[in-house]
>>> print(open('query.pdb').read())   # PDB, C-alpha atoms
ATOM      1  CA  MET A1162    -107.011 -46.128 -57.719
ATOM      2  CA  ALA A1163    -109.805 -45.709 -55.185
ATOM      3  CA  PRO A1164    -113.007 -47.733 -55.738
ATOM      4  CA  PRO A1165    -115.998 -45.859 -57.158
ATOM      5  CA  PRO A1166    -118.339 -44.307 -54.581
ATOM      6  CA  PRO A1167    -121.026 -46.762 -53.493
ATOM      7  CA  SER A1168    -124.705 -46.172 -54.041
ATOM      8  CA  PRO A1169    -126.650 -44.632 -51.135
ATOM      9  CA  ALA A1170    -128.389 -47.927 -50.456
ATOM     10  CA  SER A1171    -125.106 -49.730 -49.959
ATOM     11  CA  GLY A1172    -123.120 -46.929 -48.234
ATOM     12  CA  ALA A1173    -123.219 -48.410 -44.740
ATOM     13  CA  GLN A1174    -122.528 -51.928 -46.027
ATOM     14  CA  TYR A1175    -119.555 -50.707 -48.073
ATOM     15  CA  ALA A1176    -118.248 -48.733 -45.088
ATOM     16  CA  HIS A1177    -118.579 -51.802 -42.866
ATOM     17  CA  GLN A1178    -116.635 -54.023 -45.288
ATOM     18  CA  PHE A1179    -113.967 -51.416 -46.015
ATOM     19  CA  LEU A1180    -113.385 -50.586 -42.346
ATOM     20  CA  ASN A1181    -113.228 -54.234 -41.274
ATOM     21  CA  THR A1182    -110.419 -54.736 -43.780
ATOM     22  CA  ALA A1183    -108.586 -51.467 -43.100
ATOM     23  CA  LEU A1184    -108.678 -51.667 -39.301
ATOM     24  CA  SER A1185    -107.606 -55.329 -39.208
ATOM     25  CA  GLN A1186    -104.280 -54.675 -40.950
ATOM     26  CA  ARG A1187    -101.146 -55.485 -38.957
ATOM     27  CA  GLY A1188     -97.492 -54.674 -39.352
ATOM     28  CA  PRO A1189     -96.204 -51.743 -41.465
ATOM     29  CA  SER A1190     -99.562 -51.342 -43.218
ATOM     30  CA  ALA A1191    -101.529 -51.008 -39.961
ATOM     31  CA  LEU A1192    -103.399 -47.767 -39.373
ATOM     32  CA  PRO A1193    -101.995 -45.734 -36.420
ATOM     33  CA  TYR A1194    -104.967 -46.067 -34.058
ATOM     34  CA  ALA A1195    -105.084 -47.635 -30.592
ATOM     35  CA  GLU A1196    -106.327 -51.228 -30.621
ATOM     36  CA  ASP A1197    -108.848 -50.635 -27.847
ATOM     37  CA  VAL A1198    -110.765 -47.963 -29.847
ATOM     38  CA  LYS A1199    -110.720 -49.402 -33.368
ATOM     39  CA  TRP A1200    -114.164 -50.893 -32.844
ATOM     40  CA  LEU A1201    -115.476 -47.441 -31.854
ATOM     41  CA  ILE A1202    -113.863 -45.829 -34.924
ATOM     42  CA  ARG A1203    -115.555 -48.412 -37.156
ATOM     43  CA  ASN A1204    -118.929 -47.772 -35.506
ATOM     44  CA  HIS A1205    -118.553 -43.993 -35.906
ATOM     45  CA  LEU A1206    -117.783 -44.193 -39.633
ATOM     46  CA  VAL A1207    -120.430 -46.819 -40.347
ATOM     47  CA  ALA A1208    -123.052 -44.676 -38.595
ATOM     48  CA  LEU A1209    -121.825 -41.625 -40.517
ATOM     49  CA  ALA A1210    -122.119 -43.419 -43.863
ATOM     50  CA  ASP A1211    -125.605 -44.565 -42.920
ATOM     51  CA  ALA A1212    -126.725 -41.069 -41.861
ATOM     52  CA  PHE A1213    -124.875 -39.194 -44.638
ATOM     53  CA  PRO A1214    -124.528 -41.448 -47.722
ATOM     54  CA  SER A1215    -122.682 -38.657 -49.522
ATOM     55  CA  LEU A1216    -119.668 -39.175 -47.230
ATOM     56  CA  HIS A1217    -117.482 -42.173 -48.062
ATOM     57  CA  PRO A1218    -114.787 -43.655 -45.743
ATOM     58  CA  LYS A1219    -111.305 -43.906 -47.238
ATOM     59  CA  ALA A1220    -107.670 -44.218 -46.186
ATOM     60  CA  ALA A1221    -105.285 -41.582 -47.482
ATOM     61  CA  LEU A1222    -101.988 -39.877 -46.728
ATOM     62  CA  PHE A1223    -102.268 -36.895 -44.372
ATOM     63  CA  THR A1224     -99.444 -34.394 -43.808
ATOM     64  CA  HIS A1225     -99.283 -32.724 -40.412
ATOM     65  CA  ASN A1226     -98.198 -29.108 -39.882
ATOM     66  CA  ASP A1227     -94.785 -30.333 -38.669
ATOM     67  CA  GLY A1228     -94.216 -32.252 -41.908
ATOM     68  CA  ARG A1229     -95.029 -35.718 -40.590
ATOM     69  CA  ALA A1230     -97.028 -37.919 -42.949
ATOM     70  CA  ALA A1231     -99.349 -40.710 -41.889
ATOM     71  CA  HIS A1232    -102.015 -42.913 -43.478
ATOM     72  CA  LEU A1233    -105.270 -41.936 -41.790
ATOM     73  CA  LEU A1234    -108.957 -42.625 -42.240
ATOM     74  CA  GLN A1235    -111.172 -39.939 -43.701
ATOM     75  CA  ALA A1236    -114.775 -39.397 -44.732
ATOM     76  CA  ASP A1237    -114.805 -37.615 -48.086
ATOM     77  CA  GLY A1238    -117.822 -36.171 -49.873
ATOM     78  CA  THR A1239    -120.412 -33.487 -49.323
ATOM     79  CA  ILE A1240    -122.249 -32.273 -46.268
ATOM     80  CA  PRO A1241    -125.861 -31.097 -46.735
ATOM     81  CA  ILE A1242    -126.434 -27.714 -45.099
ATOM     82  CA  HIS A1243    -129.384 -25.333 -45.009
ATOM     83  CA  HIS A1244    -128.866 -21.599 -45.235
ATOM     84  CA  ALA A1245    -131.307 -18.799 -45.887
ATOM     85  CA  GLY A1246    -134.029 -21.218 -46.851
ATOM     86  CA  ALA A1247    -131.865 -23.021 -49.405
ATOM     87  CA  SER A1248    -130.058 -26.378 -49.274
ATOM     88  CA  TYR A1249    -126.429 -26.772 -50.270
ATOM     89  CA  ASN A1250    -124.048 -29.730 -50.544
ATOM     90  CA  LEU A1251    -120.791 -28.430 -49.140
ATOM     91  CA  PRO A1252    -117.669 -30.443 -50.171
ATOM     92  CA  ALA A1253    -115.765 -31.478 -47.068
ATOM     93  CA  VAL A1254    -113.254 -34.001 -45.720
ATOM     94  CA  LEU A1255    -113.311 -35.336 -42.141
ATOM     95  CA  TRP A1256    -109.868 -36.645 -41.137
ATOM     96  CA  LEU A1257    -109.492 -38.940 -38.130
ATOM     97  CA  PRO A1258    -106.106 -38.096 -36.504
ATOM     98  CA  GLU A1259    -104.065 -40.670 -34.610
ATOM     99  CA  PRO A1260    -105.588 -39.904 -31.140
ATOM    100  CA  TYR A1261    -109.171 -40.171 -32.427
ATOM    101  CA  PRO A1262    -111.746 -40.684 -30.872
ATOM    102  CA  ARG A1263    -110.124 -39.340 -27.705
ATOM    103  CA  SER A1264    -109.452 -36.182 -29.716
ATOM    104  CA  PRO A1265    -111.898 -34.598 -32.197
ATOM    105  CA  PRO A1266    -111.642 -35.070 -35.970
ATOM    106  CA  LEU A1267    -110.127 -32.510 -38.327
ATOM    107  CA  VAL A1268    -112.865 -31.078 -40.565
ATOM    108  CA  PHE A1269    -111.769 -29.352 -43.783
ATOM    109  CA  LEU A1270    -114.110 -27.595 -46.207
ATOM    110  CA  SER A1271    -113.246 -27.940 -49.906
ATOM    111  CA  PRO A1272    -115.300 -25.289 -51.683
ATOM    112  CA  THR A1273    -115.731 -25.489 -55.440
ATOM    113  CA  ARG A1274    -114.594 -22.741 -57.795
ATOM    114  CA  ASP A1275    -117.876 -20.907 -57.449
ATOM    115  CA  MET A1276    -117.639 -21.012 -53.661
ATOM    116  CA  VAL A1277    -115.342 -18.994 -51.413
ATOM    117  CA  ILE A1278    -114.686 -19.034 -47.698
ATOM    118  CA  LYS A1279    -115.699 -15.799 -46.093
ATOM    119  CA  PRO A1280    -112.639 -13.958 -44.764
ATOM    120  CA  HIS A1281    -112.311 -13.848 -40.986
ATOM    121  CA  HIS A1282    -115.038 -16.430 -40.572
ATOM    122  CA  PRO A1283    -115.464 -17.232 -36.826
ATOM    123  CA  LEU A1284    -115.503 -21.004 -37.382
ATOM    124  CA  VAL A1285    -113.337 -21.653 -40.504
ATOM    125  CA  ASP A1286    -109.805 -20.443 -41.186
ATOM    126  CA  ARG A1287    -108.275 -19.618 -44.592
ATOM    127  CA  SER A1288    -107.125 -23.238 -45.171
ATOM    128  CA  GLY A1289    -110.697 -24.475 -44.779
ATOM    129  CA  LEU A1290    -110.117 -26.019 -41.346
ATOM    130  CA  VAL A1291    -113.170 -25.881 -39.124
ATOM    131  CA  ALA A1292    -111.377 -24.998 -35.900
ATOM    132  CA  ASN A1293    -113.823 -23.210 -33.632
ATOM    133  CA  ALA A1294    -117.021 -25.203 -33.940
ATOM    134  CA  PRO A1295    -118.642 -25.532 -30.483
ATOM    135  CA  TYR A1296    -119.088 -29.306 -30.819
ATOM    136  CA  LEU A1297    -115.389 -29.769 -31.632
ATOM    137  CA  ARG A1298    -114.346 -27.547 -28.721
ATOM    138  CA  SER A1299    -116.515 -29.552 -26.304
ATOM    139  CA  TRP A1300    -115.588 -32.964 -27.748
ATOM    140  CA  VAL A1301    -115.847 -35.609 -25.009
ATOM    141  CA  PHE A1302    -114.699 -39.214 -25.279
ATOM    142  CA  PRO A1303    -116.454 -41.626 -25.620
ATOM    143  CA  SER A1304    -119.852 -39.942 -26.064
ATOM    144  CA  SER A1305    -119.009 -37.516 -28.904
ATOM    145  CA  ASN A1306    -119.315 -38.894 -32.460
ATOM    146  CA  LEU A1307    -119.302 -37.885 -36.116
ATOM    147  CA  VAL A1308    -123.045 -38.076 -36.704
ATOM    148  CA  ASP A1309    -123.822 -35.629 -33.903
ATOM    149  CA  LEU A1310    -121.063 -33.353 -35.230
ATOM    150  CA  LEU A1311    -122.733 -33.028 -38.647
ATOM    151  CA  ALA A1312    -126.363 -33.216 -37.561
ATOM    152  CA  ALA A1313    -128.350 -30.114 -38.341
ATOM    153  CA  ARG A1314    -129.188 -28.728 -34.904
ATOM    154  CA  PRO A1315    -128.588 -25.552 -32.970
ATOM    155  CA  PRO A1316    -125.128 -25.261 -31.447
ATOM    156  CA  PRO A1317    -125.089 -26.595 -27.893
ATOM    157  CA  THR A1318    -125.176 -24.008 -25.169
ATOM    158  CA  GLU A1319    -123.785 -25.806 -22.169
ATOM    159  CA  ASP A1320    -122.770 -24.678 -18.764
ATOM    160  CA  PRO A1321    -118.958 -24.266 -18.688
ATOM    161  CA  ALA A1322    -118.886 -26.095 -15.374
ATOM    162  CA  GLU A1323    -120.682 -29.057 -16.956
ATOM    163  CA  VAL A1324    -118.255 -29.041 -19.881
ATOM    164  CA  TYR A1325    -115.325 -28.935 -17.454
ATOM    165  CA  LYS A1326    -116.842 -31.810 -15.513
ATOM    166  CA  ARG A1327    -117.250 -33.917 -18.685
ATOM    167  CA  ASN A1328    -113.729 -33.132 -19.785
ATOM    168  CA  ALA A1329    -112.382 -34.073 -16.352
ATOM    169  CA  ILE A1330    -114.287 -37.360 -16.463
ATOM    170  CA  ALA A1331    -112.977 -38.028 -19.962
ATOM    171  CA  LYS A1332    -109.427 -37.345 -18.759
ATOM    172  CA  LEU A1333    -109.896 -39.725 -15.850
ATOM    173  CA  VAL A1334    -111.202 -42.378 -18.244
ATOM    174  CA  ASP A1335    -108.145 -41.878 -20.460
ATOM    175  CA  MET A1336    -105.857 -42.167 -17.436
ATOM    176  CA  ALA A1337    -107.655 -45.340 -16.349
ATOM    177  CA  TYR A1338    -107.221 -46.827 -19.839
ATOM    178  CA  ALA A1339    -103.533 -45.857 -19.832
ATOM    179  CA  ASP A1340    -102.980 -47.327 -16.348
ATOM    180  CA  ALA A1341    -104.733 -50.547 -17.345
ATOM    181  CA  ALA A1342    -102.610 -50.813 -20.491
ATOM    182  CA  THR A1343     -99.455 -50.229 -18.413
ATOM    183  CA  LEU A1344    -100.373 -52.760 -15.751
ATOM    184  CA  ARG A1345    -101.625 -55.450 -18.146
ATOM    185  CA  PRO A1346     -98.156 -56.814 -19.149
ATOM    186  CA  ALA A1347     -97.074 -57.043 -15.500
ATOM    187  CA  ARG A1348    -100.321 -58.784 -14.499
ATOM    188  CA  GLU A1349    -100.036 -61.181 -17.444
ATOM    189  CA  ALA A1350     -96.431 -61.947 -16.478
ATOM    190  CA  GLU A1351     -97.537 -62.615 -12.886
ATOM    191  CA  VAL A1352    -100.302 -64.927 -14.110
ATOM    192  CA  ASP A1353     -97.809 -66.802 -16.317
ATOM    193  CA  THR A1354     -95.461 -67.114 -13.332
ATOM    194  CA  LEU A1355     -98.270 -68.455 -11.150
ATOM    195  CA  PHE A1356     -99.257 -70.972 -13.827
ATOM    196  CA  ALA A1357     -95.627 -72.119 -14.104
ATOM    197  CA  MET A1358     -95.393 -72.386 -10.311
ATOM    198  CA  GLN A1359     -98.631 -74.366 -10.255
ATOM    199  CA  ALA A1360     -97.252 -76.778 -12.857
ATOM    200  CA  THR A1361     -94.023 -77.144 -10.829
ATOM    201  CA  LEU A1362     -95.942 -77.790  -7.611
ATOM    202  CA  ARG A1363     -98.162 -80.314  -9.366
ATOM    203  CA  SER A1364     -95.078 -82.124 -10.686
ATOM    204  CA  ARG A1365     -93.440 -82.090  -7.245
ATOM    205  CA  GLY A1366     -96.696 -83.312  -5.709
ATOM    206  CA  GLU A1367     -96.652 -86.282  -8.063
ATOM    207  CA  VAL A1368     -93.030 -87.017  -7.103
ATOM    208  CA  VAL A1369     -93.889 -86.799  -3.385
ATOM    209  CA  SER A1370     -96.928 -89.055  -3.851
ATOM    210  CA  ASP A1371     -94.798 -91.599  -5.692
ATOM    211  CA  GLY A1372     -92.169 -91.428  -2.921
ATOM    212  CA  VAL A1373     -94.818 -91.938  -0.226
ATOM    213  CA  ARG A1374     -96.196 -94.921  -2.123
ATOM    214  CA  LYS A1375     -92.727 -96.484  -2.425
ATOM    215  CA  MET A1376     -92.013 -95.844   1.259
ATOM    216  CA  GLY A1377     -95.300 -97.566   2.129
ATOM    217  CA  GLU A1378     -94.289-100.572   0.019
ATOM    218  CA  GLU A1379     -90.849-100.664   1.672
ATOM    219  CA  LYS A1380     -92.475-100.430   5.104
ATOM    220  CA  GLU A1381     -94.715-103.394   4.336
ATOM    221  CA  ALA A1382     -91.717-105.385   3.043
ATOM    222  CA  LEU A1383     -89.710-104.549   6.199
ATOM    223  CA  GLU A1384     -92.635-105.558   8.416
ATOM    224  CA  ARG A1385     -92.848-108.914   6.636
ATOM    225  CA  ARG A1386     -89.076-109.320   6.988
ATOM    226  CA  LEU A1387     -89.308-108.468  10.686
ATOM    227  CA  GLN A1388     -91.965-111.133  11.163
ATOM    228  CA  ASP A1389     -89.740-113.673   9.416
ATOM    229  CA  VAL A1390     -86.763-112.724  11.639
ATOM    230  CA  MET A1391     -88.898-112.921  14.789
ATOM    231  CA  MET A1392     -90.150-116.366  13.768
ATOM    232  CA  ALA A1393     -86.572-117.520  13.067
ATOM    233  CA  THR A1394     -85.491-116.090  16.439
ATOM    234  CA  ASP A1395     -88.243-117.995  18.210
ATOM    235  CA  VAL A1396     -87.201-121.210  16.486
ATOM    236  CA  MET A1397     -83.531-120.669  17.412
ATOM    237  CA  GLU A1398     -84.337-119.813  21.009
ATOM    238  CA  ALA A1399     -86.444-122.952  21.260
ATOM    239  CA  TRP A1400     -83.569-125.011  19.821
ATOM    240  CA  VAL A1401     -81.086-123.472  22.301
ATOM    241  CA  MET A1402     -83.370-124.177  25.245
ATOM    242  CA  GLU A1403     -83.904-127.747  24.081
ATOM    243  CA  ASN A1404     -80.165-128.388  23.712
ATOM    244  CA  ARG A1405     -79.353-126.780  27.029
ATOM    245  CA  LYS A1406     -81.675-129.216  28.740
ATOM    246  CA  GLY A1407     -79.832-132.161  27.165
ATOM    247  CA  ALA A1408     -76.357-130.878  28.046
ATOM    248  CA  ALA A1409     -74.733-132.532  31.100
ATOM    249  CA  GLY A1410     -73.114-130.316  33.761
ATOM    250  CA  ASN A1411     -71.366-127.021  32.987
ATOM    251  CA  THR A1412     -69.338-127.882  29.937
ATOM    252  CA  GLU A1413     -66.550-125.380  29.244
ATOM    253  CA  ALA A1414     -66.374-123.732  25.831
ATOM    254  CA  ASP A1415     -62.965-125.243  25.096
ATOM    255  CA  GLU A1416     -64.306-128.718  25.780
ATOM    256  CA  ALA A1417     -67.228-128.224  23.421
ATOM    257  CA  ILE A1418     -64.939-128.570  20.363
ATOM    258  CA  GLU A1419     -63.035-131.799  19.816
ATOM    259  CA  THR A1420     -60.314-132.075  17.162
ATOM    260  CA  ALA A1421     -60.236-134.963  14.699
ATOM    261  CA  ASP A1422     -56.547-135.838  15.207
ATOM    262  CA  VAL A1423     -53.265-134.702  16.764
ATOM    263  CA  LEU A1424     -52.289-132.506  13.800
ATOM    264  CA  SER A1425     -55.658-130.730  13.891
ATOM    265  CA  LYS A1426     -55.272-130.129  17.620
ATOM    266  CA  GLN A1427     -51.764-128.770  17.093
ATOM    267  CA  MET A1428     -52.997-126.506  14.244
ATOM    268  CA  LEU A1429     -55.785-125.189  16.488
ATOM    269  CA  GLU A1430     -53.300-124.420  19.277
ATOM    270  CA  CYS A1431     -50.915-122.644  16.859
ATOM    271  CA  THR A1432     -53.705-120.551  15.378
ATOM    272  CA  ALA A1433     -55.030-119.629  18.830
ATOM    273  CA  ALA A1434     -51.553-118.643  20.003
ATOM    274  CA  ASP A1435     -50.949-116.565  16.827
ATOM    275  CA  LEU A1436     -54.202-114.660  17.316
ATOM    276  CA  ALA A1437     -53.538-114.129  21.022
ATOM    277  CA  LEU A1438     -50.084-112.717  20.237
ATOM    278  CA  GLU A1439     -51.630-110.455  17.558
ATOM    279  CA  ASP A1440     -54.132-109.116  20.093
ATOM    280  CA  THR A1441     -51.359-108.508  22.626
ATOM    281  CA  ILE A1442     -49.238-106.546  20.137
ATOM    282  CA  TYR A1443     -52.311-104.485  19.215
ATOM    283  CA  ALA A1444     -52.954-103.728  22.875
ATOM    284  CA  LEU A1445     -49.318-102.610  23.306
ATOM    285  CA  ASP A1446     -49.681-100.309  20.237
ATOM    286  CA  LYS A1447     -52.712 -98.647  21.819
ATOM    287  CA  ALA A1448     -50.881 -98.346  25.145
ATOM    288  CA  ILE A1449     -47.822 -96.630  23.613
ATOM    289  CA  GLN A1450     -50.112 -94.219  21.761
ATOM    290  CA  GLU A1451     -51.823 -93.324  25.019
ATOM    291  CA  GLY A1452     -48.508 -93.098  26.902
ATOM    292  CA  SER A1453     -49.396 -95.920  29.306
ATOM    293  CA  VAL A1454     -46.086 -97.824  28.898
ATOM    294  CA  PRO A1455     -42.497 -96.620  28.474
ATOM    295  CA  PHE A1456     -41.091 -96.773  24.990
ATOM    296  CA  ASP A1457     -38.133 -99.040  25.810
ATOM    297  CA  GLY A1458     -40.394-101.532  27.586
ATOM    298  CA  TYR A1459     -42.736-101.415  24.593
ATOM    299  CA  LEU A1460     -39.875-102.294  22.217
ATOM    300  CA  ARG A1461     -38.671-105.235  24.340
ATOM    301  CA  SER A1462     -42.186-106.658  24.690
ATOM    302  CA  VAL A1463     -43.038-106.302  21.017
ATOM    303  CA  ARG A1464     -39.715-107.858  20.003
ATOM    304  CA  ALA A1465     -40.322-110.897  22.225
ATOM    305  CA  LEU A1466     -43.970-111.263  21.140
ATOM    306  CA  ALA A1467     -43.041-110.935  17.444
ATOM    307  CA  ARG A1468     -40.401-113.650  17.808
ATOM    308  CA  GLU A1469     -42.890-115.956  19.497
ATOM    309  CA  GLN A1470     -45.527-115.179  16.812
ATOM    310  CA  PHE A1471     -42.987-115.974  14.110
ATOM    311  CA  PHE A1472     -42.252-119.393  15.652
ATOM    312  CA  GLN A1473     -46.013-120.123  15.972
ATOM    313  CA  ARG A1474     -46.591-119.262  12.302
ATOM    314  CA  VAL A1475     -43.628-121.405  11.186
ATOM    315  CA  LEU A1476     -44.982-124.271  13.267
ATOM    316  CA  SER A1477     -48.458-123.700  11.811
ATOM    317  CA  THR A1478     -47.002-123.889   8.281
ATOM    318  CA  LYS A1479     -45.250-127.167   9.083
ATOM    319  CA  VAL A1480     -48.407-128.631  10.639
ATOM    320  CA  ASN A1481     -50.431-127.603   7.586
ATOM    321  CA  LYS A1482     -47.896-129.287   5.312
ATOM    322  CA  ALA A1483     -48.003-132.440   7.439
ATOM    323  CA  GLN A1484     -51.835-132.416   7.241
ATOM    324  CA  GLN A1485     -51.692-132.209   3.452
ATOM    325  CA  GLN A1486     -49.215-135.109   3.283
ATOM    326  CA  ALA A1487     -51.390-137.191   5.623
ATOM    327  CA  GLN A1488     -54.438-136.473   3.449
ATOM    328  CA  VAL A1489     -52.543-137.544   0.325
ATOM    329  CA  ALA A1490     -51.455-140.748   2.063
ATOM    330  CA  ARG A1491     -55.044-141.549   3.091
ATOM    331  CA  MET A1492     -56.297-140.975  -0.446
ATOM    332  CA  ALA A1493     -53.523-143.211  -1.822
ATOM    333  CA  ALA A1494     -54.466-145.941   0.663
ATOM    334  CA  ARG A1495     -58.098-145.772  -0.420
ATOM    335  CA  ALA A1496     -57.363-145.819  -4.142
ATOM    336  CA  PRO A1497     -57.043-149.710  -4.404
ATOM    337  CA  GLN A1498     -60.419-150.067  -2.714
ATOM    338  CA  TYR A1499     -62.064-147.824  -5.318
ATOM    339  CA  ALA A1500     -60.234-149.653  -8.104
ATOM    340  CA  SER A1501     -61.569-153.028  -6.969
TER     341      SER A1501
END
>>> encode(input="query.pdb", output="structure tokens")
Amino acid sequence: MAPPPPSPASGAQYAHQFLNTALSQRGPSALPYAEDVKWLIRNHLVALADAFPSLHPKAALFTHNDGRAAHLLQADGTIPIHHAGASYNLPAVLWLPEPYPRSPPLVFLSPTRDMVIKPHHPLVDRSGLVANAPYLRSWVFPSSNLVDLLAARPPPTEDPAEVYKRNAIAKLVDMAYADAATLRPAREAEVDTLFAMQATLRSRGEVVSDGVRKMGEEKEALERRLQDVMMATDVMEAWVMENRKGAAGNTEADEAIETADVLSKQMLECTAADLALEDTIYALDKAIQEGSVPFDGYLRSVRALAREQFFQRVLSTKVNKAQQQAQVARMAARAPQYAS
């Protein structure tokens, strides 16, 4: 059930409260008006209720000529008119269709039983629809409004060229609104992409800064290590120079090392011979791969070198065993001394 009509003093306040609630609905219960003009619709109806307290804003079901039904806003009540020196309150309903306010409202007269619509009226058809009113024909968004539609004033007599100009401007404004609405999602997506890219670059910048800091620390550590190595090199070079001065004559490298006993000398000779034979066999392998020696000569040489290497390794094993036995004998000879 619809709420009772408000008093004239509270008409605009009631309209304001009702429209705030009705136009803020979302989802299936939302009214079918564009979001960018809902504020203008509210202003139009609030101004109408303030100027004509006998008209009350409501939401009701409207059926289009093609059978479609939609919940639309309306202003229902009476319109004061003056005719032949008398004042009348003409029952009427102003429906706001879905494209409103870019399109004019639908004004229906609802005469009482003692009122009739004059046949073939130039402005009102048989259903009560006010279809040919000059203000409705020259409706221009966003300047046209409901208060001016119902205000008691002579019908506007405008230059057709001026009306065409206003209509063209209104069409351009509509196209601009439509283009802006179409481009807004793409622009918002681009802004989101740029923000995401900015966050990625900021994160990578932090990683790069951290890497530069670590590289600086490693560089400092390497510089300290280099200083330590240079100092150690200076010390070693000084030691080498000092020992060269104390060395007598041109001592050969072989004479610089002196073995402890005969077995050690024999082990050194066996090991040196084994390694020399190994190097020779390796050199022959490289030569046969490069084709520098004939294959039969390679086989004879390797066979002879392998036999000699085998004898050196057997001798080395025997010398090692003799060294171990000599060490055991020395330890056994020293044992009584430790016991005493």
>>> resolve_selection(input="query.pdb", expression="the PyMOL selection byres ((chain A and resi 1301-1307) around 10)", output="PyMOL selection string")
chain A and resi 1198+1201-1202+1204-1210+1212+1236+1255+1261-1266+1296-1300+1308-1312+1324+1327-1332+1334-1335
>>> closest_residue(input="query.pdb", among="A:Asp1353, A:Glu1403, A:Glu1469, A:Glu1196", to="A:Asp1435", atoms="all atoms listed in the file")
A:Glu1469
>>> resolve_selection(input="query.pdb", expression="the PyMOL selection byres ((chain A and resi 1484) around 12)", output="PDB file with C-alpha atoms, in the frame of the given file")
ATOM      1  CA  ALA A1421     -60.236-134.963  14.699  1.00  0.00           C
ATOM      2  CA  ASP A1422     -56.547-135.838  15.207  1.00  0.00           C
ATOM      3  CA  VAL A1423     -53.265-134.702  16.764  1.00  0.00           C
ATOM      4  CA  LEU A1424     -52.289-132.506  13.800  1.00  0.00           C
ATOM      5  CA  SER A1425     -55.658-130.730  13.891  1.00  0.00           C
ATOM      6  CA  LYS A1426     -55.272-130.129  17.620  1.00  0.00           C
ATOM      7  CA  GLN A1427     -51.764-128.770  17.093  1.00  0.00           C
ATOM      8  CA  MET A1428     -52.997-126.506  14.244  1.00  0.00           C
ATOM      9  CA  SER A1477     -48.458-123.700  11.811  1.00  0.00           C
ATOM     10  CA  THR A1478     -47.002-123.889   8.281  1.00  0.00           C
ATOM     11  CA  LYS A1479     -45.250-127.167   9.083  1.00  0.00           C
ATOM     12  CA  VAL A1480     -48.407-128.631  10.639  1.00  0.00           C
ATOM     13  CA  ASN A1481     -50.431-127.603   7.586  1.00  0.00           C
ATOM     14  CA  LYS A1482     -47.896-129.287   5.312  1.00  0.00           C
ATOM     15  CA  ALA A1483     -48.003-132.440   7.439  1.00  0.00           C
ATOM     16  CA  GLN A1485     -51.692-132.209   3.452  1.00  0.00           C
ATOM     17  CA  GLN A1486     -49.215-135.109   3.283  1.00  0.00           C
ATOM     18  CA  ALA A1487     -51.390-137.191   5.623  1.00  0.00           C
ATOM     19  CA  GLN A1488     -54.438-136.473   3.449  1.00  0.00           C
ATOM     20  CA  VAL A1489     -52.543-137.544   0.325  1.00  0.00           C
ATOM     21  CA  ALA A1490     -51.455-140.748   2.063  1.00  0.00           C
ATOM     22  CA  ARG A1491     -55.044-141.549   3.091  1.00  0.00           C
TER      23      ARG A1491
END
>>> resolve_selection(input="query.pdb", expression="the PyMOL selection byres ((chain A and resi 1178) around 12)", output="ChimeraX atom specification")
/A:1167,1171-1177,1179-1185,1203-1204,1206-1207,1218-1219
>>> atom_distance(input="query.pdb", atom1="atom CA of A:Glu1379", atom2="atom CA of A:Val1396")
25.6 Å
>>> atom_distance(input="query.pdb", atom1="atom CA of A:Asp1197", atom2="atom CA of A:Leu1222")
22.8 Å
>>> atom_distance(input="query.pdb", atom1="atom CA of A:Val1291", atom2="atom CA of A:Pro1272")
12.8 Å
